[in-house]
$ cat work.csv   # CSV, C-alpha atoms
chain,number,residue,atom,x,y,z
E,1,MET,CA,0.0,0.0,0.0
E,2,ARG,CA,1.5,3.3,-1.1
E,3,ASN,CA,5.2,3.0,-0.4
E,4,TYR,CA,4.9,-0.4,1.5
E,5,ALA,CA,5.7,-3.5,-0.5
E,6,HIS,CA,4.9,-5.6,2.6
E,7,LEU,CA,4.7,-5.0,6.3
E,8,GLU,CA,3.6,-7.2,9.2
E,9,LEU,CA,3.1,-5.2,12.4
E,10,HIS,CA,2.2,-6.4,15.9
E,11,PRO,CA,1.5,-3.1,17.8
E,12,ALA,CA,1.6,-3.0,21.5
E,13,PRO,CA,-1.3,-2.2,23.8
E,14,GLY,CA,-1.3,1.4,25.0
E,15,LEU,CA,0.7,4.0,23.2
E,16,ASN,CA,2.5,3.4,19.9
E,17,VAL,CA,4.7,6.2,18.5
E,18,PHE,CA,6.1,6.1,14.9
E,19,VAL,CA,9.0,8.5,14.4
E,20,GLY,CA,10.8,9.3,11.2
E,21,ALA,CA,11.5,11.9,8.6
E,22,ASN,CA,8.9,13.1,6.1
E,23,ALA,CA,8.0,10.8,3.2
E,24,GLN,CA,9.1,7.6,4.9
E,25,GLY,CA,5.7,6.0,5.4
E,26,LYS,CA,4.4,7.2,8.8
E,27,SER,CA,1.1,8.6,7.5
E,28,ASN,CA,0.7,5.7,5.1
E,29,LEU,CA,0.8,3.3,8.0
E,30,LEU,CA,-1.9,5.2,10.0
E,31,GLU,CA,-4.0,5.5,6.8
E,32,ALA,CA,-3.9,1.7,6.4
E,33,ILE,CA,-5.0,1.2,10.1
E,34,SER,CA,-7.8,3.8,9.6
E,35,LEU,CA,-9.0,1.8,6.5
E,36,LEU,CA,-9.7,-1.2,8.8
E,37,GLY,CA,-12.1,1.0,10.8
E,38,THR,CA,-13.7,3.5,8.4
E,39,GLY,CA,-13.1,1.7,5.1
E,40,LYS,CA,-11.9,5.1,3.7
E,41,SER,CA,-8.7,7.1,3.6
E,42,PHE,CA,-8.5,10.2,5.8
E,43,ARG,CA,-6.1,11.8,3.3
E,44,THR,CA,-7.6,11.4,-0.2
E,45,SER,CA,-10.8,10.5,-2.1
E,46,ARG,CA,-8.8,9.1,-5.0
E,47,GLU,CA,-8.5,5.5,-3.9
E,48,ARG,CA,-6.2,4.7,-6.8
E,49,ASP,CA,-3.5,6.8,-4.9
E,50,LEU,CA,-3.5,4.1,-2.1
E,51,ILE,CA,-2.1,1.5,-4.5
E,52,ARG,CA,1.7,1.4,-4.8
E,53,ASP,CA,3.1,2.7,-8.1
E,54,GLY,CA,3.6,-0.2,-10.6
E,55,PHE,CA,1.1,-2.4,-8.8
E,56,GLU,CA,-2.6,-3.1,-9.4
E,57,LEU,CA,-3.6,-4.4,-5.9
E,58,ALA,CA,-3.2,-3.2,-2.4
E,59,THR,CA,-4.4,-5.1,0.7
E,60,ILE,CA,-4.6,-4.4,4.4
E,61,SER,CA,-5.8,-6.9,7.0
E,62,GLY,CA,-5.8,-6.9,10.7
E,63,GLU,CA,-7.1,-8.7,13.8
E,64,ALA,CA,-8.6,-6.8,16.7
E,65,GLN,CA,-10.1,-7.6,20.0
E,66,VAL,CA,-13.5,-5.9,20.4
E,67,ARG,CA,-16.3,-6.2,22.9
E,68,ALA,CA,-17.9,-9.0,20.8
E,69,GLY,CA,-14.6,-10.9,20.7
E,70,ALA,CA,-11.7,-11.3,18.2
E,71,ILE,CA,-12.5,-10.0,14.7
E,72,ARG,CA,-10.5,-10.2,11.4
E,73,LEU,CA,-11.0,-7.3,9.0
E,74,GLY,CA,-9.7,-6.9,5.5
E,75,CYS,CA,-9.8,-4.3,2.7
E,76,ALA,CA,-8.5,-4.9,-0.8
E,77,LEU,CA,-8.2,-2.3,-3.5
E,78,THR,CA,-7.8,-3.3,-7.2
E,79,ALA,CA,-6.8,-0.8,-9.9
E,80,THR,CA,-9.1,-0.9,-12.9
E,81,PRO,CA,-9.2,1.2,-16.1
E,82,ARG,CA,-12.0,3.2,-14.6
E,83,GLY,CA,-10.4,3.9,-11.2
E,84,SER,CA,-10.4,1.3,-8.4
E,85,ARG,CA,-12.6,-1.4,-6.9
E,86,LYS,CA,-12.7,-2.1,-3.2
E,87,LEU,CA,-13.5,-5.4,-1.4
E,88,TYR,CA,-14.3,-5.6,2.3
E,89,THR,CA,-14.1,-8.7,4.5
E,90,VAL,CA,-15.1,-9.5,8.0
E,91,ASN,CA,-13.8,-12.8,9.4
E,92,GLY,CA,-12.9,-13.9,5.9
E,93,ARG,CA,-16.3,-13.2,4.4
E,94,SER,CA,-16.9,-10.6,1.8
E,95,VAL,CA,-19.4,-7.9,3.1
E,96,ARG,CA,-20.9,-4.7,1.9
E,97,TYR,CA,-19.4,-1.4,3.1
E,98,ALA,CA,-22.5,-0.8,5.4
E,99,LYS,CA,-21.8,-4.1,7.1
E,100,PHE,CA,-18.0,-3.4,7.4
E,101,LEU,CA,-18.4,0.1,8.8
E,102,GLY,CA,-18.3,0.3,12.6
E,103,SER,CA,-16.8,-3.2,13.1
E,104,LEU,CA,-13.8,-1.4,14.5
E,105,ARG,CA,-14.3,2.1,15.7
E,106,VAL,CA,-11.5,4.7,15.0
E,107,VAL,CA,-11.0,8.3,16.1
E,108,SER,CA,-8.4,10.0,14.0
E,109,PHE,CA,-6.8,13.5,14.4
E,110,VAL,CA,-4.9,14.8,11.4
E,111,PRO,CA,-3.6,18.3,10.6
E,112,ALA,CA,-6.6,19.1,8.4
E,113,ASP,CA,-8.8,18.7,11.5
E,114,LEU,CA,-7.3,21.9,12.8
E,115,HIS,CA,-9.6,23.6,10.3
E,116,LEU,CA,-12.7,22.4,12.0
E,117,VAL,CA,-13.2,25.9,13.4
E,118,ASP,CA,-12.2,28.1,10.4
E,119,GLY,CA,-13.0,25.8,7.5
E,120,PRO,CA,-16.2,25.7,5.5
E,121,PRO,CA,-19.3,24.0,6.8
E,122,SER,CA,-18.6,20.9,4.7
E,123,VAL,CA,-15.6,20.2,6.9
E,124,ARG,CA,-17.8,20.1,10.0
E,125,ARG,CA,-20.5,18.0,8.2
E,126,SER,CA,-17.9,15.5,7.2
E,127,PHE,CA,-16.7,15.3,10.8
E,128,LEU,CA,-20.3,14.6,11.9
E,129,ASN,CA,-21.0,12.0,9.2
E,130,GLY,CA,-17.7,10.2,9.9
E,131,ALA,CA,-18.3,9.9,13.6
E,132,LEU,CA,-22.0,9.1,13.5
E,133,ALA,CA,-21.7,6.6,10.6
E,134,GLN,CA,-19.3,4.5,12.7
E,135,GLU,CA,-21.5,4.7,15.8
E,136,GLN,CA,-24.9,4.0,14.2
E,137,LYS,CA,-25.4,1.8,11.2
E,138,SER,CA,-28.8,3.3,10.8
E,139,TYR,CA,-27.2,6.7,10.3
E,140,TYR,CA,-25.1,5.5,7.4
E,141,ARG,CA,-28.2,4.0,5.8
E,142,ASP,CA,-30.1,7.2,6.2
E,143,LEU,CA,-27.2,9.2,4.9
E,144,ALA,CA,-26.9,7.1,1.8
E,145,ARG,CA,-30.7,7.3,1.1
E,146,TYR,CA,-30.6,11.1,1.6
E,147,GLN,CA,-27.6,11.6,-0.7
E,148,LYS,CA,-29.0,9.4,-3.4
E,149,ALA,CA,-32.4,11.3,-3.4
E,150,LEU,CA,-30.5,14.6,-3.2
E,151,SER,CA,-28.4,13.8,-6.3
E,152,GLN,CA,-31.6,12.7,-8.2
E,153,LYS,CA,-33.4,15.8,-7.2
E,154,ALA,CA,-30.5,18.0,-8.2
E,155,ALA,CA,-30.3,16.4,-11.6
E,156,LEU,CA,-34.0,16.9,-12.1
E,157,LEU,CA,-33.7,20.6,-11.1
E,158,ARG,CA,-30.8,21.1,-13.5
E,159,ALA,CA,-32.6,19.7,-16.5
E,160,PRO,CA,-33.7,22.1,-19.2
E,161,ALA,CA,-37.3,21.0,-19.1
E,162,ALA,CA,-39.6,21.9,-16.2
E,163,PRO,CA,-39.2,19.2,-13.4
E,164,ASP,CA,-41.8,16.5,-13.2
E,165,PRO,CA,-43.8,17.5,-10.1
E,166,ASP,CA,-44.7,13.9,-9.2
E,167,LEU,CA,-41.1,12.8,-9.4
E,168,LEU,CA,-40.0,15.8,-7.4
E,169,LYS,CA,-42.6,15.0,-4.7
E,170,ILE,CA,-41.1,11.4,-4.4
E,171,TYR,CA,-37.6,12.8,-4.0
E,172,ASP,CA,-38.8,15.3,-1.4
E,173,GLU,CA,-40.6,12.7,0.6
E,174,THR,CA,-37.4,10.6,0.8
E,175,LEU,CA,-35.4,13.7,1.7
E,176,VAL,CA,-37.8,14.5,4.6
E,177,THR,CA,-37.8,10.9,5.9
E,178,ALA,CA,-34.1,10.3,5.7
E,179,GLY,CA,-33.2,13.9,6.5
E,180,THR,CA,-35.3,14.0,9.7
E,181,ALA,CA,-33.4,10.9,11.0
E,182,LEU,CA,-30.1,12.6,10.2
E,183,MET,CA,-31.1,15.8,12.0
E,184,ILE,CA,-32.2,14.0,15.1
E,185,ALA,CA,-29.0,12.0,15.3
E,186,ARG,CA,-26.9,15.2,14.7
E,187,ASN,CA,-28.8,17.2,17.3
E,188,HIS,CA,-28.3,14.5,20.0
E,189,PHE,CA,-24.6,13.9,19.1
E,190,ILE,CA,-23.7,17.6,19.1
E,191,ARG,CA,-25.4,18.1,22.4
E,192,ALA,CA,-23.4,15.2,24.0
E,193,LEU,CA,-20.2,16.5,22.2
E,194,GLY,CA,-20.7,20.0,23.5
E,195,VAL,CA,-20.9,18.9,27.2
E,196,VAL,CA,-17.7,16.9,27.1
E,197,ALA,CA,-15.8,19.5,24.9
E,198,ALA,CA,-16.8,22.3,27.3
E,199,LYS,CA,-15.5,20.4,30.3
E,200,ALA,CA,-12.2,19.5,28.6
E,201,HIS,CA,-11.7,23.1,27.3
E,202,ALA,CA,-12.4,24.5,30.8
E,203,ARG,CA,-9.7,22.3,32.3
E,204,TRP,CA,-7.2,23.8,29.9
E,205,SER,CA,-8.3,27.4,29.6
E,206,GLY,CA,-9.8,28.0,33.0
E,207,HIS,CA,-11.9,31.1,32.4
E,208,GLU,CA,-13.0,30.7,28.8
E,209,ARG,CA,-16.3,29.0,27.9
E,210,LEU,CA,-16.5,26.8,24.8
E,211,GLU,CA,-20.0,26.2,23.3
E,212,LEU,CA,-21.0,23.9,20.5
E,213,THR,CA,-24.4,24.2,18.9
E,214,TYR,CA,-26.3,22.4,16.2
E,215,GLN,CA,-27.1,24.8,13.3
E,216,PRO,CA,-29.6,23.0,11.2
E,217,ASN,CA,-30.4,24.5,7.8
E,218,VAL,CA,-34.0,23.8,8.5
E,219,ALA,CA,-35.0,25.3,11.8
E,220,PHE,CA,-37.4,23.4,14.0
E,221,GLU,CA,-39.3,24.1,17.2
E,222,ALA,CA,-39.5,20.8,19.1
E,223,GLU,CA,-36.8,18.1,19.0
E,224,THR,CA,-39.3,15.4,17.9
E,225,GLU,CA,-39.6,13.5,14.7
E,226,ASP,CA,-43.0,14.9,13.8
E,227,SER,CA,-41.9,18.5,14.5
E,228,ILE,CA,-38.7,18.2,12.4
E,229,ALA,CA,-40.4,16.4,9.6
E,230,SER,CA,-43.2,19.0,9.5
E,231,SER,CA,-40.7,21.9,9.5
E,232,PHE,CA,-38.7,20.3,6.7
E,233,GLU,CA,-41.8,19.6,4.6
E,234,GLN,CA,-42.9,23.2,5.0
E,235,ARG,CA,-39.5,24.6,4.1
E,236,LEU,CA,-39.4,22.5,0.9
E,237,ARG,CA,-42.9,23.6,0.0
E,238,LEU,CA,-42.2,27.3,0.5
E,239,GLY,CA,-38.9,27.2,-1.2
E,240,ALA,CA,-39.9,25.0,-4.2
E,241,GLU,CA,-40.0,28.0,-6.7
E,242,GLN,CA,-36.6,29.3,-5.4
E,243,GLU,CA,-35.1,25.9,-5.9
E,244,ARG,CA,-36.5,25.6,-9.4
E,245,LEU,CA,-35.2,29.0,-10.4
E,246,ARG,CA,-31.7,28.3,-9.0
E,247,GLY,CA,-31.7,24.8,-10.4
E,248,MET,CA,-30.4,23.3,-7.1
E,249,ALA,CA,-31.6,21.8,-3.8
E,250,LEU,CA,-31.3,24.6,-1.3
E,251,PHE,CA,-32.8,23.2,1.9
E,252,GLY,CA,-31.9,20.3,4.1
E,253,PRO,CA,-29.2,18.7,6.3
E,254,HIS,CA,-26.7,18.8,3.4
E,255,ARG,CA,-26.4,22.5,4.5
E,256,ASP,CA,-26.2,22.0,8.2
E,257,ASP,CA,-23.4,23.4,10.3
E,258,ILE,CA,-21.9,23.3,13.8
E,259,GLY,CA,-21.6,26.6,15.8
E,260,LEU,CA,-18.4,27.0,17.8
E,261,ASN,CA,-18.4,29.9,20.2
E,262,LEU,CA,-16.0,31.1,22.9
E,263,ASP,CA,-17.5,33.2,25.6
E,264,GLY,CA,-20.5,33.8,23.3
E,265,ARG,CA,-18.5,35.0,20.3
E,266,SER,CA,-17.7,33.1,17.1
E,267,LEU,CA,-14.4,31.3,17.3
E,268,ALA,CA,-13.8,31.5,13.6
E,269,ALA,CA,-14.3,35.3,13.5
E,270,PHE,CA,-12.8,36.3,16.9
E,271,GLY,CA,-10.6,33.5,18.2
E,272,SER,CA,-6.9,33.5,18.1
E,273,GLN,CA,-5.0,30.6,16.4
E,274,GLY,CA,-4.2,29.2,19.8
E,275,GLN,CA,-7.8,29.5,21.0
E,276,GLN,CA,-9.0,27.8,17.8
E,277,ARG,CA,-6.5,24.9,18.2
E,278,THR,CA,-7.4,24.4,21.8
E,279,ALA,CA,-11.1,24.2,20.8
E,280,VAL,CA,-10.4,21.6,18.2
E,281,LEU,CA,-8.4,19.5,20.7
E,282,ALA,CA,-11.5,19.7,23.0
E,283,VAL,CA,-13.8,18.6,20.2
E,284,LYS,CA,-11.6,15.6,19.3
E,285,VAL,CA,-11.3,14.6,23.0
E,286,ALA,CA,-15.1,14.8,23.1
E,287,GLU,CA,-15.5,12.7,20.0
E,288,TYR,CA,-13.4,10.0,21.5
E,289,ALA,CA,-15.2,10.1,24.9
E,290,VAL,CA,-18.7,10.2,23.4
E,291,MET,CA,-18.0,7.3,21.0
E,292,HIS,CA,-16.4,5.4,23.9
E,293,GLU,CA,-19.4,5.9,26.2
E,294,ARG,CA,-22.0,5.1,23.6
E,295,SER,CA,-20.4,2.0,22.2
E,296,GLY,CA,-19.1,0.7,25.5
E,297,GLU,CA,-15.6,0.1,24.2
E,298,ALA,CA,-12.6,2.4,23.5
E,299,PRO,CA,-12.0,3.3,19.9
E,300,LEU,CA,-8.5,3.2,18.3
E,301,LEU,CA,-6.9,6.6,18.5
E,302,LEU,CA,-4.9,7.7,15.5
E,303,LEU,CA,-2.9,11.0,15.6
E,304,ASP,CA,-1.1,11.7,12.4
E,305,ASP,CA,1.7,14.3,12.8
E,306,VAL,CA,-0.6,16.5,14.9
E,307,LEU,CA,1.5,16.9,18.0
E,308,SER,CA,4.2,18.8,16.0
E,309,GLU,CA,1.5,21.4,15.1
E,310,LEU,CA,0.9,22.0,18.9
E,311,ASP,CA,3.0,23.5,21.6
E,312,ALA,CA,4.2,21.1,24.3
E,313,GLU,CA,1.5,22.2,26.8
E,314,ARG,CA,-1.4,21.6,24.3
E,315,ALA,CA,0.0,18.3,23.1
E,316,ARG,CA,0.3,17.0,26.7
E,317,ALA,CA,-3.2,18.3,27.6
E,318,PHE,CA,-4.7,16.5,24.6
E,319,LEU,CA,-3.1,13.2,25.6
E,320,ASP,CA,-4.2,13.6,29.2
E,321,GLY,CA,-7.7,14.3,28.0
E,322,VAL,CA,-7.9,11.0,26.2
E,323,GLY,CA,-5.9,9.2,28.9
E,324,GLY,CA,-8.4,6.3,29.0
E,325,PHE,CA,-7.4,5.1,25.5
E,326,GLU,CA,-6.6,1.4,25.3
E,327,GLN,CA,-4.5,1.7,22.1
E,328,ALA,CA,-3.2,4.8,20.3
E,329,PHE,CA,-1.0,5.4,17.3
E,330,ILE,CA,1.0,8.6,16.9
E,331,THR,CA,3.3,9.7,14.1
E,332,ALA,CA,5.9,12.4,14.5
E,333,THR,CA,9.1,13.6,12.9
E,334,GLN,CA,10.8,13.6,16.3
E,335,LEU,CA,9.9,12.1,19.6
E,336,PRO,CA,7.5,14.5,21.4
E,337,ASP,CA,8.3,15.6,24.9
E,338,SER,CA,6.7,14.1,28.0
E,339,LEU,CA,4.9,11.2,26.4
E,340,PRO,CA,3.3,8.5,28.6
E,341,ALA,CA,5.1,5.2,28.6
E,342,GLY,CA,4.7,3.3,25.4
E,343,THR,CA,6.5,1.8,22.4
E,344,VAL,CA,8.5,3.8,19.9
E,345,TYR,CA,8.9,2.7,16.3
E,346,THR,CA,11.4,4.2,13.9
E,347,ILE,CA,10.3,4.3,10.2
E,348,LYS,CA,12.7,4.7,7.3
E,349,ASP,CA,12.0,3.8,3.7
E,350,ALA,CA,8.8,1.9,4.8
E,351,ARG,CA,10.8,-0.3,7.3
E,352,VAL,CA,9.6,-0.3,10.9
E,353,GLU,CA,11.7,-1.1,14.0
E,354,ALA,CA,10.5,-1.0,17.6
E,355,SER,CA,12.0,0.0,20.9
E,356,SER,CA,10.5,0.9,24.3
E,357,ILE,CA,10.3,4.5,25.6

$ encode --input "work.csv" --output "structure tokens"
Amino acid sequence: MRNYAHLELHPAPGLNVFVGANAQGKSNLLEAISLLGTGKSFRTSRERDLIRDGFELATISGEAQVRAGAIRLGCALTATPRGSRKLYTVNGRSVRYAKFLGSLRVVSFVPADLHLVDGPPSVRRSFLNGALAQEQKSYYRDLARYQKALSQKAALLRAPAAPDPDLLKIYDETLVTAGTALMIARNHFIRALGVVAAKAHARWSGHERLELTYQPNVAFEAETEDSIASSFEQRLRLGAEQERLRGMALFGPHRDDIGLNLDGRSLAAFGSQGQQRTAVLAVKVAEYAVMHERSGEAPLLLLDDVLSELDAERARAFLDGVGGFEQAFITATQLPDSLPAGTVYTIKDARVEASSI
């Protein structure tokens, strides 16, 4: 996979730190581990990039101990003239992605996550979808249904001819049903996330108050399925002409966002770089804690060259915040200061050697 011709790794429980210069394979290794949990790369949407140059196949397999017992997971990517094809296996049996997802839960923290505050809403929606799809298989199914109906509706609205009202109605009904489920799940998750993130942030900053809020594109009065569905239906009905004139779907959870405020003011607009980074650390600690609490087991923690982006105090605070991890993987160009006890691996030219801290 990528620059690895072959690698067999038996990581230790607790902390595993991979140290090496750039372009030696550190991020590639974490990317492979992440594939066993999420089935997707945290670095690229071009899956052909995961296959080593000159090869047509890349495979990653691993065995993990989860609450249900030992589980063997596999992911194989095959290059084709039209891109790539992916095969997922669980305990040796081929499965669909929906069945594979969530078998092994993973929380990753990569440099791009530092833009959760100042990036566009799509970054925060992607964060939500990634966390909730691992946690709830129903969420992934609802998301897939919603995205399919959204794509079909968008194509209908873009067509030169006037959209078929009956077909448009069918798409809107699916959007309301699936979208309502997404909004309920997001609302509950962000509320839980906000509580934990605020506590973590308060431990680090003292006097500053972090607040996370769900900002649905379709406002609703009561947090019930009927109320949300009714609000969504009404918004689509009132905005139908606007959507037709614009030739695009304008309303629904595909335009949701998360509000991040510090002491009542927008972090993106008024927060310093240090304040924004501390807030992101708190959000990632909260993601880990909420996923742990809801699933009943600790996810794998993957930190890809993030500690080098942080000062020593913030890096240590983050590791202390997720101190209950059972197994964590960290990459760095040099050994970070004040790490808890663990195993250090050196990586050079896609070769891995281990030694204890």

$ closest_residue --input "work.csv" --among "E:Phe270, E:Ala289, E:Val110, E:Asn129" --to "Lys199 in chain E" --atoms "only C-alpha atoms"
E:Ala289

$ residues_around --input "work.csv" --residues "Thr174 in chain E" --least-positions-apart "5" --cutoff "10 Å" --atoms "all atoms listed in the file" --output "PyMOL selection string"
chain E and resi 142+145-150+169+179-180

$ atom_distance --input "work.csv" --atom1 "CA of Met291 in chain E" --atom2 "CA of Asn187 in chain E"
15.1 Å

$ atom_distance --input "work.csv" --atom1 "CA of Ser103 in chain E" --atom2 "CA of Arg125 in chain E"
22.1 Å

$ residues_around --input "work.csv" --residues "Ser61 in chain E" --least-positions-apart "3" --cutoff "9 Å" --atoms "all atoms listed in the file" --output "ChimeraX atom specification"
/E:32-33,36,72-76,89

$ closest_residue --input "work.csv" --among "E:Arg186, E:Arg265, E:Arg255, E:Lys86" --to "Pro121 in chain E" --atoms "all atoms listed in the file"
E:Arg255

$ residues_near_point --input "work.csv" --point "(-34.4, 13.8, -8.3)" --cutoff "9 Å" --atoms "only C-alpha atoms" --output "list in words"
Lys148, Ala149, Leu150, Ser151, Gln152, Lys153, Ala154, Ala155, Leu156, Leu157, Pro163, Leu167, Leu168, Ile170, Tyr171 and Asp172 of chain E

$ residues_around --input "work.csv" --residues "range 273-281 of chain E" --least-positions-apart "6" --cutoff "8 Å" --atoms "all atoms listed in the file" --output "MDAnalysis selection string"
chainID E and resid 113:114 116:117 197 201 210 267 310 314 318

$ closest_residue --input "work.csv" --among "E:Leu238, E:Ile60, E:Ala317, E:Ile190" --to "Val285 in chain E" --atoms "only C-alpha atoms"
E:Ala317

$ residues_around --input "work.csv" --residues "Leu339 in chain E" --least-positions-apart "5" --cutoff "10 Å" --atoms "all atoms listed in the file" --output "MDAnalysis selection string"
chainID E and resid 15 17 315:316 319:320 357

$ residues_near_point --input "work.csv" --point "(13.0, 3.3, 5.4)" --cutoff "10 Å" --atoms "all atoms listed in the file" --output "list in words"
Asn3, Tyr4, Gly20, Ala21, Ala23, Gln24, Gly25, Thr346, Ile347, Lys348, Asp349, Ala350, Arg351, Val352 and Glu353 of chain E

$ closest_residue --input "work.csv" --among "E:Lys284, E:Tyr345, E:Tyr97, E:Glu208" --to "Gly271 in chain E" --atoms "only C-alpha atoms"
E:Glu208

$ decode --input "work.csv" --residues "range 207-257 of chain E" --atoms "C-alpha atoms" --output "PDB file, in the first residue's frame"
ATOM      1  CA  HIS E 207     -11.934  31.142  32.445  1.00  0.00           C
ATOM      2  CA  GLU E 208     -12.964  30.685  28.780  1.00  0.00           C
ATOM      3  CA  ARG E 209     -16.270  28.970  27.946  1.00  0.00           C
ATOM      4  CA  LEU E 210     -16.527  26.830  24.795  1.00  0.00           C
ATOM      5  CA  GLU E 211     -19.990  26.205  23.335  1.00  0.00           C
ATOM      6  CA  LEU E 212     -20.993  23.860  20.506  1.00  0.00           C
ATOM      7  CA  THR E 213     -24.415  24.223  18.928  1.00  0.00           C
ATOM      8  CA  TYR E 214     -26.256  22.439  16.175  1.00  0.00           C
ATOM      9  CA  GLN E 215     -27.115  24.834  13.337  1.00  0.00           C
ATOM     10  CA  PRO E 216     -29.627  23.012  11.163  1.00  0.00           C
ATOM     11  CA  ASN E 217     -30.374  24.470   7.760  1.00  0.00           C
ATOM     12  CA  VAL E 218     -34.042  23.803   8.467  1.00  0.00           C
ATOM     13  CA  ALA E 219     -35.032  25.316  11.801  1.00  0.00           C
ATOM     14  CA  PHE E 220     -37.447  23.369  14.008  1.00  0.00           C
ATOM     15  CA  GLU E 221     -39.300  24.146  17.210  1.00  0.00           C
ATOM     16  CA  ALA E 222     -39.451  20.831  19.057  1.00  0.00           C
ATOM     17  CA  GLU E 223     -36.835  18.067  19.038  1.00  0.00           C
ATOM     18  CA  THR E 224     -39.289  15.413  17.895  1.00  0.00           C
ATOM     19  CA  GLU E 225     -39.560  13.453  14.662  1.00  0.00           C
ATOM     20  CA  ASP E 226     -42.983  14.925  13.828  1.00  0.00           C
ATOM     21  CA  SER E 227     -41.907  18.511  14.479  1.00  0.00           C
ATOM     22  CA  ILE E 228     -38.692  18.226  12.448  1.00  0.00           C
ATOM     23  CA  ALA E 229     -40.381  16.440   9.550  1.00  0.00           C
ATOM     24  CA  SER E 230     -43.169  19.032   9.487  1.00  0.00           C
ATOM     25  CA  SER E 231     -40.678  21.911   9.466  1.00  0.00           C
ATOM     26  CA  PHE E 232     -38.704  20.262   6.676  1.00  0.00           C
ATOM     27  CA  GLU E 233     -41.805  19.629   4.557  1.00  0.00           C
ATOM     28  CA  GLN E 234     -42.926  23.236   4.975  1.00  0.00           C
ATOM     29  CA  ARG E 235     -39.489  24.588   4.073  1.00  0.00           C
ATOM     30  CA  LEU E 236     -39.374  22.519   0.898  1.00  0.00           C
ATOM     31  CA  ARG E 237     -42.888  23.588  -0.040  1.00  0.00           C
ATOM     32  CA  LEU E 238     -42.249  27.299   0.514  1.00  0.00           C
ATOM     33  CA  GLY E 239     -38.880  27.169  -1.227  1.00  0.00           C
ATOM     34  CA  ALA E 240     -39.894  25.048  -4.210  1.00  0.00           C
ATOM     35  CA  GLU E 241     -39.974  27.955  -6.653  1.00  0.00           C
ATOM     36  CA  GLN E 242     -36.638  29.268  -5.403  1.00  0.00           C
ATOM     37  CA  GLU E 243     -35.062  25.856  -5.919  1.00  0.00           C
ATOM     38  CA  ARG E 244     -36.531  25.604  -9.422  1.00  0.00           C
ATOM     39  CA  LEU E 245     -35.183  29.023 -10.397  1.00  0.00           C
ATOM     40  CA  ARG E 246     -31.734  28.302  -8.950  1.00  0.00           C
ATOM     41  CA  GLY E 247     -31.662  24.778 -10.371  1.00  0.00           C
ATOM     42  CA  MET E 248     -30.400  23.289  -7.106  1.00  0.00           C
ATOM     43  CA  ALA E 249     -31.564  21.783  -3.812  1.00  0.00           C
ATOM     44  CA  LEU E 250     -31.266  24.590  -1.271  1.00  0.00           C
ATOM     45  CA  PHE E 251     -32.779  23.195   1.914  1.00  0.00           C
ATOM     46  CA  GLY E 252     -31.937  20.282   4.144  1.00  0.00           C
ATOM     47  CA  PRO E 253     -29.216  18.731   6.325  1.00  0.00           C
ATOM     48  CA  HIS E 254     -26.733  18.797   3.431  1.00  0.00           C
ATOM     49  CA  ARG E 255     -26.392  22.463   4.458  1.00  0.00           C
ATOM     50  CA  ASP E 256     -26.194  21.975   8.227  1.00  0.00           C
ATOM     51  CA  ASP E 257     -23.364  23.374  10.324  1.00  0.00           C
TER      52      ASP E 257
END
